[in-house]
Protein chains: 2
Amino acid sequence: MKFKEGKEHFIQTWGALGSQWGINKTIAQIHALLLVSNEPLSTEDIMEQLAISRGNTNMNIRELIDIGLVDKVFKLGERRDYFVAEKDVWKVARQVAKTRKKRELDPIIRLLEQIENLDVAKDDEEGKRFIKLVHDVKKLALNVEKLVDVLIKSEENWFWDKIFKLMSK
Amino acid sequence: MKFKEGKEHFIQTWGALGSQWGINKTIAQIHALLLVSNEPLSTEDIMEQLAISRGNTNMNIRELIDIGLVDKVFKLGERRDYFVAEKDVWKVARQVAKTRKKRELDPIIRLLEQIENLDVAKDDEEGKRFIKLVHDVKKLALNVEKLVDVLIKSEENWFWDKIFKLMSK
DNA sequence: AAATGGTTTCAGAATTTATTGAAATAATGA
DNA sequence: TCATTATTTCAATAAATTCTGAAACCATTT
C-alpha cells in the first residue's frame with residue numbers, strides 16, 4: 001500500500017467509525033485529516049483535501065474545537081487561521097469520553113432519578129417491577145460514569161495496566 | 001409523577017439515548033416498551049402503543065432479536081407471535097457490547113492492521129509519524145477490545161467490584 | 001381448496017440530518 | 001477611510017435514514 005493511499009484509507013475509516021458512534025462523518029474526517037498532517041492546516045486546505053464546502057468546514061472545525069480535540073494556531077505573518085489536532089491518541093480518547101459523559105450520561109442519570117421517584121402503592125407489583133428496572137438502569141449508568149471518571153483522570157499506562165491485572169484473576 | 005407518565009418518559013429517554021449512540025430510535029423505543037412490560041407483547045400491541053406501522057415494527061423487532069435482546073415467545077392456543085425483552089440490565093449491557101464489538105471494533109482493527117503495513121523509507125519522517133499514529137490507534141482499539149472481552153465474560157458484581165478497587169489506589 | 005389470521009417484504013414517502021453557497025460580518029493594513 | 005482577505009452564519013438544498021402501507025407470503029383451520 002502506498003503512503004497517500006494509506007492516509008486516505010485512514011480518513012475514510014475514521015469517518016465511518018464516527019458515524020457508527022453517532023458522530024457526524026465530516027467531523028471525524030476533518031479530525032483524521034488533522035491527525036495525519038504534520039503541519040497545521042488552514043480552512044482552505046481542509047476544504048480542498050476533503051472536497052467539502054467552506055461553511056461545512058467552518059462549522060465542524062468549531063465543533064472539534066469545542067470538544068477540545070483541535071486547536072487554532074497562528075502562523076507568523078499569516079492572516080488566516082490554522083488548525084492542529086491533538087496527536088496523543090490516549091488524550092483524544094479521554095477528551096471524547098469527557099465530552100460524551102457530560103453531554104449524554106449526566107442528563108440521563110438525572111432523568112432516571114426523576115422517574116425513580118414514582119409514587120407506587122405497596123401492593124402494586126407492576127409498579128414495583130418498573131421502579132426496580134429504572135433503579136437497575138440508573139445503577140449501571142452510575143457505574144459507567146465512575147469508570148469514565150477513572151479513565152478521564154488516568155494516565156494511559158496506569159489505566160490499562162490495572163485493567164489487565166483485572167483479567168488475570 | 002404518575003406511573004403511566006413515568007413509563008412514557010422512560011421509553012422516550014431510552015429512544016433518545018439510542019439515537020445519540022447511533023441506534024435507531026424506534027429500535028430503542030420498542031426495546032424500552034418490552035422492558036417495562038410485564039407481559040409479552042404482540043406486534044399489534046407494539047404498533048398501537050408506539051403509534052408506528054406494521055412494517056417498521058416488524059423490521060425493528062427482527063433487529064432486536066438479531067442483537068439478542070428480544071425473544072419470540074408463543075402463547076398456548078394463540079396463533080400470533082409475542083415478544084419479550086431480556087430484563088436483566090447487566091445482561092443487556094453485555095449483549096450490546098458483544099454485538100457492537102463484533103460489528104465495529106473487529107473490522108476497524110483489521111483495517112488498521114492493513115494500513116500499518118505501509119512501505120516507508122527509513123528516512124521518511126512524515127511516513128514514520130503516520131505509521132506511529134496508526135499503530136497507537138490500533139493499540140488503543142486492542143485494549144478496548146480486551147476490556148470488552150472481560151466485560152462480556154464477567155458477572156456484574158465481580159466486574160464492578162474489581163473496577164472500583166482500581167479507583168481507590 | 002379457500003377462507004382466515006398472521007408475518008414479511010420493499011418501493012416510495014416522509015422525516016431527519018448534513019451540506020452548500022452566498023451574504024453578512026469581522027479583521028487587517030494601505 | 002476603504003479595499004482586501006478571511007470567517008461566520010443560515011436559509012435553501014441535498015443526502016441519508018427511517019417509516020409507511022399495501023401486496024405477497026405463510027400457516028392453520030374449516
# chains A, B, ... in the order shown; residues from 1 in each chain; ligands from 1

$ closest_atom_pairs --of "chain D" --to "chain B" --cutoff "10 Å" --atoms "only C-alpha atoms (C1' of nucleotides)" --output "CSV"
residue,atom,partner,partner_atom,distance
D:DT17,C1',B:Asn24,CA,9.3
D:DT18,C1',B:Asn24,CA,8.2
D:DC19,C1',B:Asn56,CA,6.1
D:DT20,C1',B:Ser53,CA,6.1
D:DG21,C1',B:Ser53,CA,7.8
D:DA27,C1',B:Arg79,CA,9.4
D:DT28,C1',B:Arg79,CA,8.7

$ write_last_selection --atoms "N, CA and C atoms (P, O5', C5', C4', C3', O3' and C1' of nucleotides)" --output "CSV table (one decimal), in the first residue's frame"
chain,number,residue,atom,x,y,z
D,17,DT,P,-27.0,6.8,6.0
D,17,DT,O5',-28.4,6.8,6.7
D,17,DT,C5',-28.6,7.8,7.7
D,17,DT,C4',-30.1,7.8,8.1
D,17,DT,C3',-30.5,6.4,8.5
D,17,DT,O3',-30.9,6.4,9.8
D,17,DT,C1',-32.1,7.4,7.0
D,18,DT,P,-31.5,5.2,10.6
D,18,DT,O5',-33.0,5.4,10.4
D,18,DT,C5',-33.6,6.6,10.8
D,18,DT,C4',-35.1,6.6,10.5
D,18,DT,C3',-35.8,5.4,11.0
D,18,DT,O3',-36.9,5.9,11.7
D,18,DT,C1',-36.3,5.9,8.7
D,19,DC,P,-38.0,5.1,12.4
D,19,DC,O5',-39.2,5.1,11.3
D,19,DC,C5',-39.8,6.4,11.0
D,19,DC,C4',-40.9,6.1,10.0
D,19,DC,C3',-41.8,5.0,10.5
D,19,DC,O3',-43.1,5.6,10.6
D,19,DC,C1',-41.1,4.7,8.2
D,20,DT,P,-44.4,4.7,10.9
D,20,DT,O5',-45.0,4.5,9.4
D,20,DT,C5',-45.2,5.7,8.7
D,20,DT,C4',-45.8,5.3,7.3
D,20,DT,C3',-47.0,4.4,7.4
D,20,DT,O3',-48.0,5.0,6.6
D,20,DT,C1',-45.4,3.5,5.9
D,21,DG,P,-49.6,4.6,6.9
D,21,DG,O5',-49.8,3.6,5.7
D,21,DG,C5',-49.4,4.0,4.4
D,21,DG,C4',-49.5,2.8,3.4
D,21,DG,C3',-50.7,1.9,3.8
D,21,DG,O3',-51.2,1.4,2.5
D,21,DG,C1',-48.7,0.7,3.8
D,27,DA,P,-44.8,-21.8,6.4
D,27,DA,O5',-46.1,-21.8,7.3
D,27,DA,C5',-46.2,-20.9,8.4
D,27,DA,C4',-47.4,-21.1,9.1
D,27,DA,C3',-47.8,-22.6,9.3
D,27,DA,O3',-48.2,-22.7,10.7
D,27,DA,C1',-49.6,-21.4,8.3
D,28,DT,P,-48.6,-24.1,11.3
D,28,DT,O5',-50.2,-23.9,11.3
D,28,DT,C5',-50.7,-22.8,12.1
D,28,DT,C4',-52.2,-22.8,11.9
D,28,DT,C3',-52.9,-24.1,12.1
D,28,DT,O3',-53.9,-23.9,13.1
D,28,DT,C1',-53.7,-23.1,10.1

$ residues_around --residues "Lys162 in chain A" --least-positions-apart "3" --cutoff "10 Å" --atoms "only C-alpha atoms (C1' of nucleotides)" --output "PDB file with C-alpha atoms, in the first residue's frame"
ATOM      1  CA  ASN A 157      -0.201   3.040  31.278  1.00  0.00           C
ATOM      2  CA  TRP A 158      -1.675   3.141  34.714  1.00  0.00           C
ATOM      3  CA  PHE A 159      -5.151   2.612  33.401  1.00  0.00           C
ATOM      4  CA  LYS A 165      -4.393  -7.175  36.053  1.00  0.00           C
ATOM      5  CA  LEU A 166      -8.128  -7.489  36.447  1.00  0.00           C
ATOM      6  CA  MET A 167      -8.351 -10.015  33.708  1.00  0.00           C
TER       7      MET A 167
ATOM      8  CA  LYS B 162     -12.696  -5.018  40.525  1.00  0.00           C
ATOM      9  CA  ILE B 163     -13.086  -1.784  38.633  1.00  0.00           C
ATOM     10  CA  LYS B 165     -10.866  -1.309  43.612  1.00  0.00           C
ATOM     11  CA  LEU B 166      -8.901   0.228  40.793  1.00  0.00           C
ATOM     12  CA  MET B 167     -10.045   3.664  41.663  1.00  0.00           C
ATOM     13  CA  LYS B 169      -5.416   3.133  44.682  1.00  0.00           C
TER      14      LYS B 169
END

$ interface_residues --of "chain C" --to "chain A" --cutoff "10 Å" --atoms "only C-alpha atoms (C1' of nucleotides)" --output "VMD selection string"
chain C and resid 17 to 21 27 to 28

$ calpha_fit_and_write --fixed "chain A" --moving "chain B" --output "short mmCIF file (atom, residue, chain, number, x, y, z; two decimals) with C-alpha atoms, in the first residue's frame"
data_model
loop_
_atom_site.label_atom_id
_atom_site.label_comp_id
_atom_site.auth_asym_id
_atom_site.auth_seq_id
_atom_site.Cartn_x
_atom_site.Cartn_y
_atom_site.Cartn_z
CA MET B 1 0.06 0.01 0.05
CA LYS B 2 1.24 3.47 -0.84
CA PHE B 3 1.57 6.20 1.74
CA LYS B 4 -1.01 8.55 0.27
CA GLU B 5 -3.40 5.68 -0.21
CA GLY B 6 -2.94 4.71 3.43
CA LYS B 7 -3.81 8.20 4.58
CA GLU B 8 -6.95 8.24 2.46
CA HIS B 9 -7.93 4.92 3.86
CA PHE B 10 -7.36 6.10 7.39
CA ILE B 11 -9.49 9.20 6.89
CA GLN B 12 -12.32 7.17 5.40
CA THR B 13 -12.16 4.62 8.18
CA TRP B 14 -12.15 7.25 10.89
CA GLY B 15 -15.15 8.87 9.25
CA ALA B 16 -17.05 5.59 9.06
CA LEU B 17 -16.21 4.81 12.67
CA GLY B 18 -17.52 8.21 13.63
CA SER B 19 -20.89 7.76 11.98
CA GLN B 20 -21.39 4.40 13.64
CA TRP B 21 -20.93 6.09 16.98
CA GLY B 22 -23.25 8.97 16.30
CA ILE B 23 -20.58 11.45 15.28
CA ASN B 24 -21.00 13.34 12.05
CA LYS B 25 -18.81 11.85 9.35
CA THR B 26 -17.25 15.13 8.29
CA ILE B 27 -16.21 15.98 11.82
CA ALA B 28 -14.46 12.66 12.07
CA GLN B 29 -12.82 13.11 8.68
CA ILE B 30 -11.54 16.58 9.46
CA HIS B 31 -10.19 15.23 12.69
CA ALA B 32 -8.47 12.36 10.90
CA LEU B 33 -7.01 14.70 8.31
CA LEU B 34 -5.56 16.94 11.00
CA LEU B 35 -4.29 13.89 12.86
CA VAL B 36 -2.29 12.66 9.89
CA SER B 37 -1.00 16.10 8.96
CA ASN B 38 2.29 17.13 10.39
CA GLU B 39 1.69 20.76 9.56
CA PRO B 40 -1.24 22.87 10.74
CA LEU B 41 -3.88 23.17 8.03
CA SER B 42 -5.98 26.14 6.99
CA THR B 43 -9.68 26.11 6.22
CA GLU B 44 -8.75 26.18 2.53
CA ASP B 45 -6.50 23.14 2.89
CA ILE B 46 -9.24 21.16 4.56
CA MET B 47 -11.88 22.22 2.05
CA GLU B 48 -9.64 21.15 -0.76
CA GLN B 49 -8.42 17.85 0.64
CA LEU B 50 -11.84 16.64 1.73
CA ALA B 51 -13.74 18.33 -1.10
CA ILE B 52 -16.26 20.00 1.17
CA SER B 53 -17.66 23.51 1.36
CA ARG B 54 -16.39 26.40 3.37
CA GLY B 55 -19.44 26.53 5.60
CA ASN B 56 -19.32 22.86 6.37
CA THR B 57 -15.62 23.06 7.14
CA ASN B 58 -16.03 26.03 9.40
CA MET B 59 -18.91 24.59 11.41
CA ASN B 60 -17.26 21.26 11.94
CA ILE B 61 -13.92 22.73 12.91
CA ARG B 62 -15.72 24.77 15.49
CA GLU B 63 -17.34 21.65 16.85
CA LEU B 64 -13.94 19.96 17.09
CA ILE B 65 -12.57 22.97 18.94
CA ASP B 66 -15.54 22.83 21.32
CA ILE B 67 -14.95 19.15 21.99
CA GLY B 68 -11.35 20.03 22.69
CA LEU B 69 -9.74 17.90 20.02
CA VAL B 70 -8.48 20.69 17.78
CA ASP B 71 -6.71 23.97 18.45
CA LYS B 72 -6.47 27.11 16.42
CA VAL B 73 -2.91 28.21 15.84
CA PHE B 74 -1.42 31.27 14.20
CA LYS B 75 1.49 31.38 11.85
CA LEU B 76 3.84 34.32 12.08
CA GLY B 77 3.06 36.89 9.44
CA GLU B 78 0.02 34.94 8.22
CA ARG B 79 -3.45 36.25 8.51
CA ARG B 80 -5.45 33.11 8.16
CA ASP B 81 -6.25 30.63 10.90
CA TYR B 82 -4.55 27.28 11.04
CA PHE B 83 -5.67 24.21 12.91
CA VAL B 84 -3.91 21.33 14.61
CA ALA B 85 -5.26 18.19 16.23
CA GLU B 86 -4.15 16.68 19.49
CA LYS B 87 -1.91 13.83 18.32
CA ASP B 88 -1.79 11.80 21.53
CA VAL B 89 -4.40 9.13 20.97
CA TRP B 90 -4.87 8.52 24.66
CA LYS B 91 -5.62 12.18 25.26
CA VAL B 92 -8.09 12.04 22.40
CA ALA B 93 -9.86 9.09 23.99
CA ARG B 94 -10.07 10.83 27.33
CA GLN B 95 -11.33 14.03 25.79
CA VAL B 96 -14.05 12.20 23.86
CA ALA B 97 -15.07 10.32 26.99
CA LYS B 98 -15.24 13.58 28.92
CA THR B 99 -17.43 15.32 26.37
CA ARG B 100 -19.80 12.43 25.91
CA LYS B 101 -20.12 11.87 29.62
CA LYS B 102 -21.18 15.43 30.16
CA ARG B 103 -23.50 15.57 27.17
CA GLU B 104 -25.12 12.18 27.47
CA LEU B 105 -24.56 10.26 30.64
CA ASP B 106 -25.17 13.04 33.12
CA PRO B 107 -28.56 14.11 31.71
CA ILE B 108 -29.73 10.52 31.58
CA ILE B 109 -28.84 9.86 35.18
CA ARG B 110 -30.78 12.94 36.17
CA LEU B 111 -33.80 11.74 34.21
CA LEU B 112 -33.68 8.30 35.75
CA GLU B 113 -33.58 9.84 39.20
CA GLN B 114 -36.75 11.74 38.41
CA ILE B 115 -38.54 8.66 37.22
CA GLU B 116 -37.37 6.69 40.21
CA ASN B 117 -39.39 8.90 42.51
CA LEU B 118 -42.69 7.45 41.43
CA ASP B 119 -45.45 7.05 43.95
CA VAL B 120 -46.40 3.43 43.88
CA ALA B 121 -48.76 1.59 46.18
CA LYS B 122 -47.12 -1.14 48.20
CA ASP B 123 -49.19 -3.86 46.62
CA ASP B 124 -48.69 -2.70 43.05
CA GLU B 125 -46.47 -5.43 41.68
CA GLU B 126 -46.24 -3.95 38.22
CA GLY B 127 -45.22 -0.59 39.58
CA LYS B 128 -42.63 -2.14 41.81
CA ARG B 129 -41.06 -4.03 38.96
CA PHE B 130 -40.87 -0.86 36.93
CA ILE B 131 -39.16 0.99 39.73
CA LYS B 132 -36.68 -1.80 40.10
CA LEU B 133 -35.90 -1.63 36.41
CA VAL B 134 -35.29 2.09 36.52
CA HIS B 135 -33.19 1.65 39.59
CA ASP B 136 -31.07 -1.03 37.91
CA VAL B 137 -30.50 1.09 34.84
CA LYS B 138 -29.49 3.99 37.02
CA LYS B 139 -27.07 1.84 38.93
CA LEU B 140 -25.45 0.70 35.71
CA ALA B 141 -25.24 4.26 34.45
CA LEU B 142 -23.65 5.41 37.70
CA ASN B 143 -21.07 2.67 37.49
CA VAL B 144 -20.22 3.56 33.93
CA GLU B 145 -19.94 7.16 35.03
CA LYS B 146 -17.47 6.26 37.72
CA LEU B 147 -15.42 4.18 35.31
CA VAL B 148 -15.31 7.06 32.86
CA ASP B 149 -14.17 9.32 35.67
CA VAL B 150 -11.24 7.04 36.37
CA LEU B 151 -10.40 6.95 32.70
CA ILE B 152 -10.50 10.73 32.43
CA LYS B 153 -8.12 11.16 35.32
CA SER B 154 -5.73 8.36 34.45
CA GLU B 155 -2.50 8.05 32.68
CA GLU B 156 -2.61 5.55 29.86
CA ASN B 157 -0.21 3.00 31.29
CA TRP B 158 -1.65 3.09 34.74
CA PHE B 159 -5.14 2.60 33.46
CA TRP B 160 -4.56 -0.33 31.14
CA ASP B 161 -2.12 -1.93 33.48
CA LYS B 162 -4.74 -2.08 36.20
CA ILE B 163 -7.45 -3.22 33.84
CA PHE B 164 -5.32 -6.08 32.59
CA LYS B 165 -4.43 -7.23 36.03
CA LEU B 166 -8.16 -7.57 36.44
CA MET B 167 -8.38 -10.09 33.70
CA SER B 168 -5.73 -12.41 34.95
CA LYS B 169 -7.53 -13.26 38.18
#

$ atom_distance --atom1 "C1' of DA2 in chain C" --atom2 "C1' of DT30 in chain D"
9.3 Å

$ atom_distance --atom1 "C1' of DT7 in chain D" --atom2 "C1' of DA22 in chain C"
13.6 Å

$ atom_distance --atom1 "C1' of DA24 in chain D" --atom2 "C1' of DA3 in chain C"
16.6 Å

$ select_by_dssp --residues "chain B" --states "strand (DSSP E)" --output "VMD selection string"
chain B and resid 41 to 42 70 to 74 81 to 85

$ select_by_dssp --residues "range 65-104 of chain A" --states "helix (DSSP H, G or I)" --output "PyMOL selection string"
chain A and resi 65-67+89-104

$ decode --residues "range 10-23 of chain A" --atoms "C-alpha atoms" --output "CSV table (one decimal), in the first residue's frame"
chain,number,residue,atom,x,y,z
A,10,PHE,CA,-7.4,6.1,7.4
A,11,ILE,CA,-9.5,9.2,7.0
A,12,GLN,CA,-12.3,7.1,5.5
A,13,THR,CA,-12.1,4.6,8.3
A,14,TRP,CA,-12.1,7.2,11.0
A,15,GLY,CA,-15.2,8.8,9.3
A,16,ALA,CA,-17.0,5.6,9.2
A,17,LEU,CA,-16.2,4.8,12.8
A,18,GLY,CA,-17.5,8.2,13.8
A,19,SER,CA,-20.9,7.8,12.1
A,20,GLN,CA,-21.4,4.4,13.8
A,21,TRP,CA,-20.9,6.1,17.1
A,22,GLY,CA,-23.3,9.0,16.4
A,23,ILE,CA,-20.6,11.5,15.4
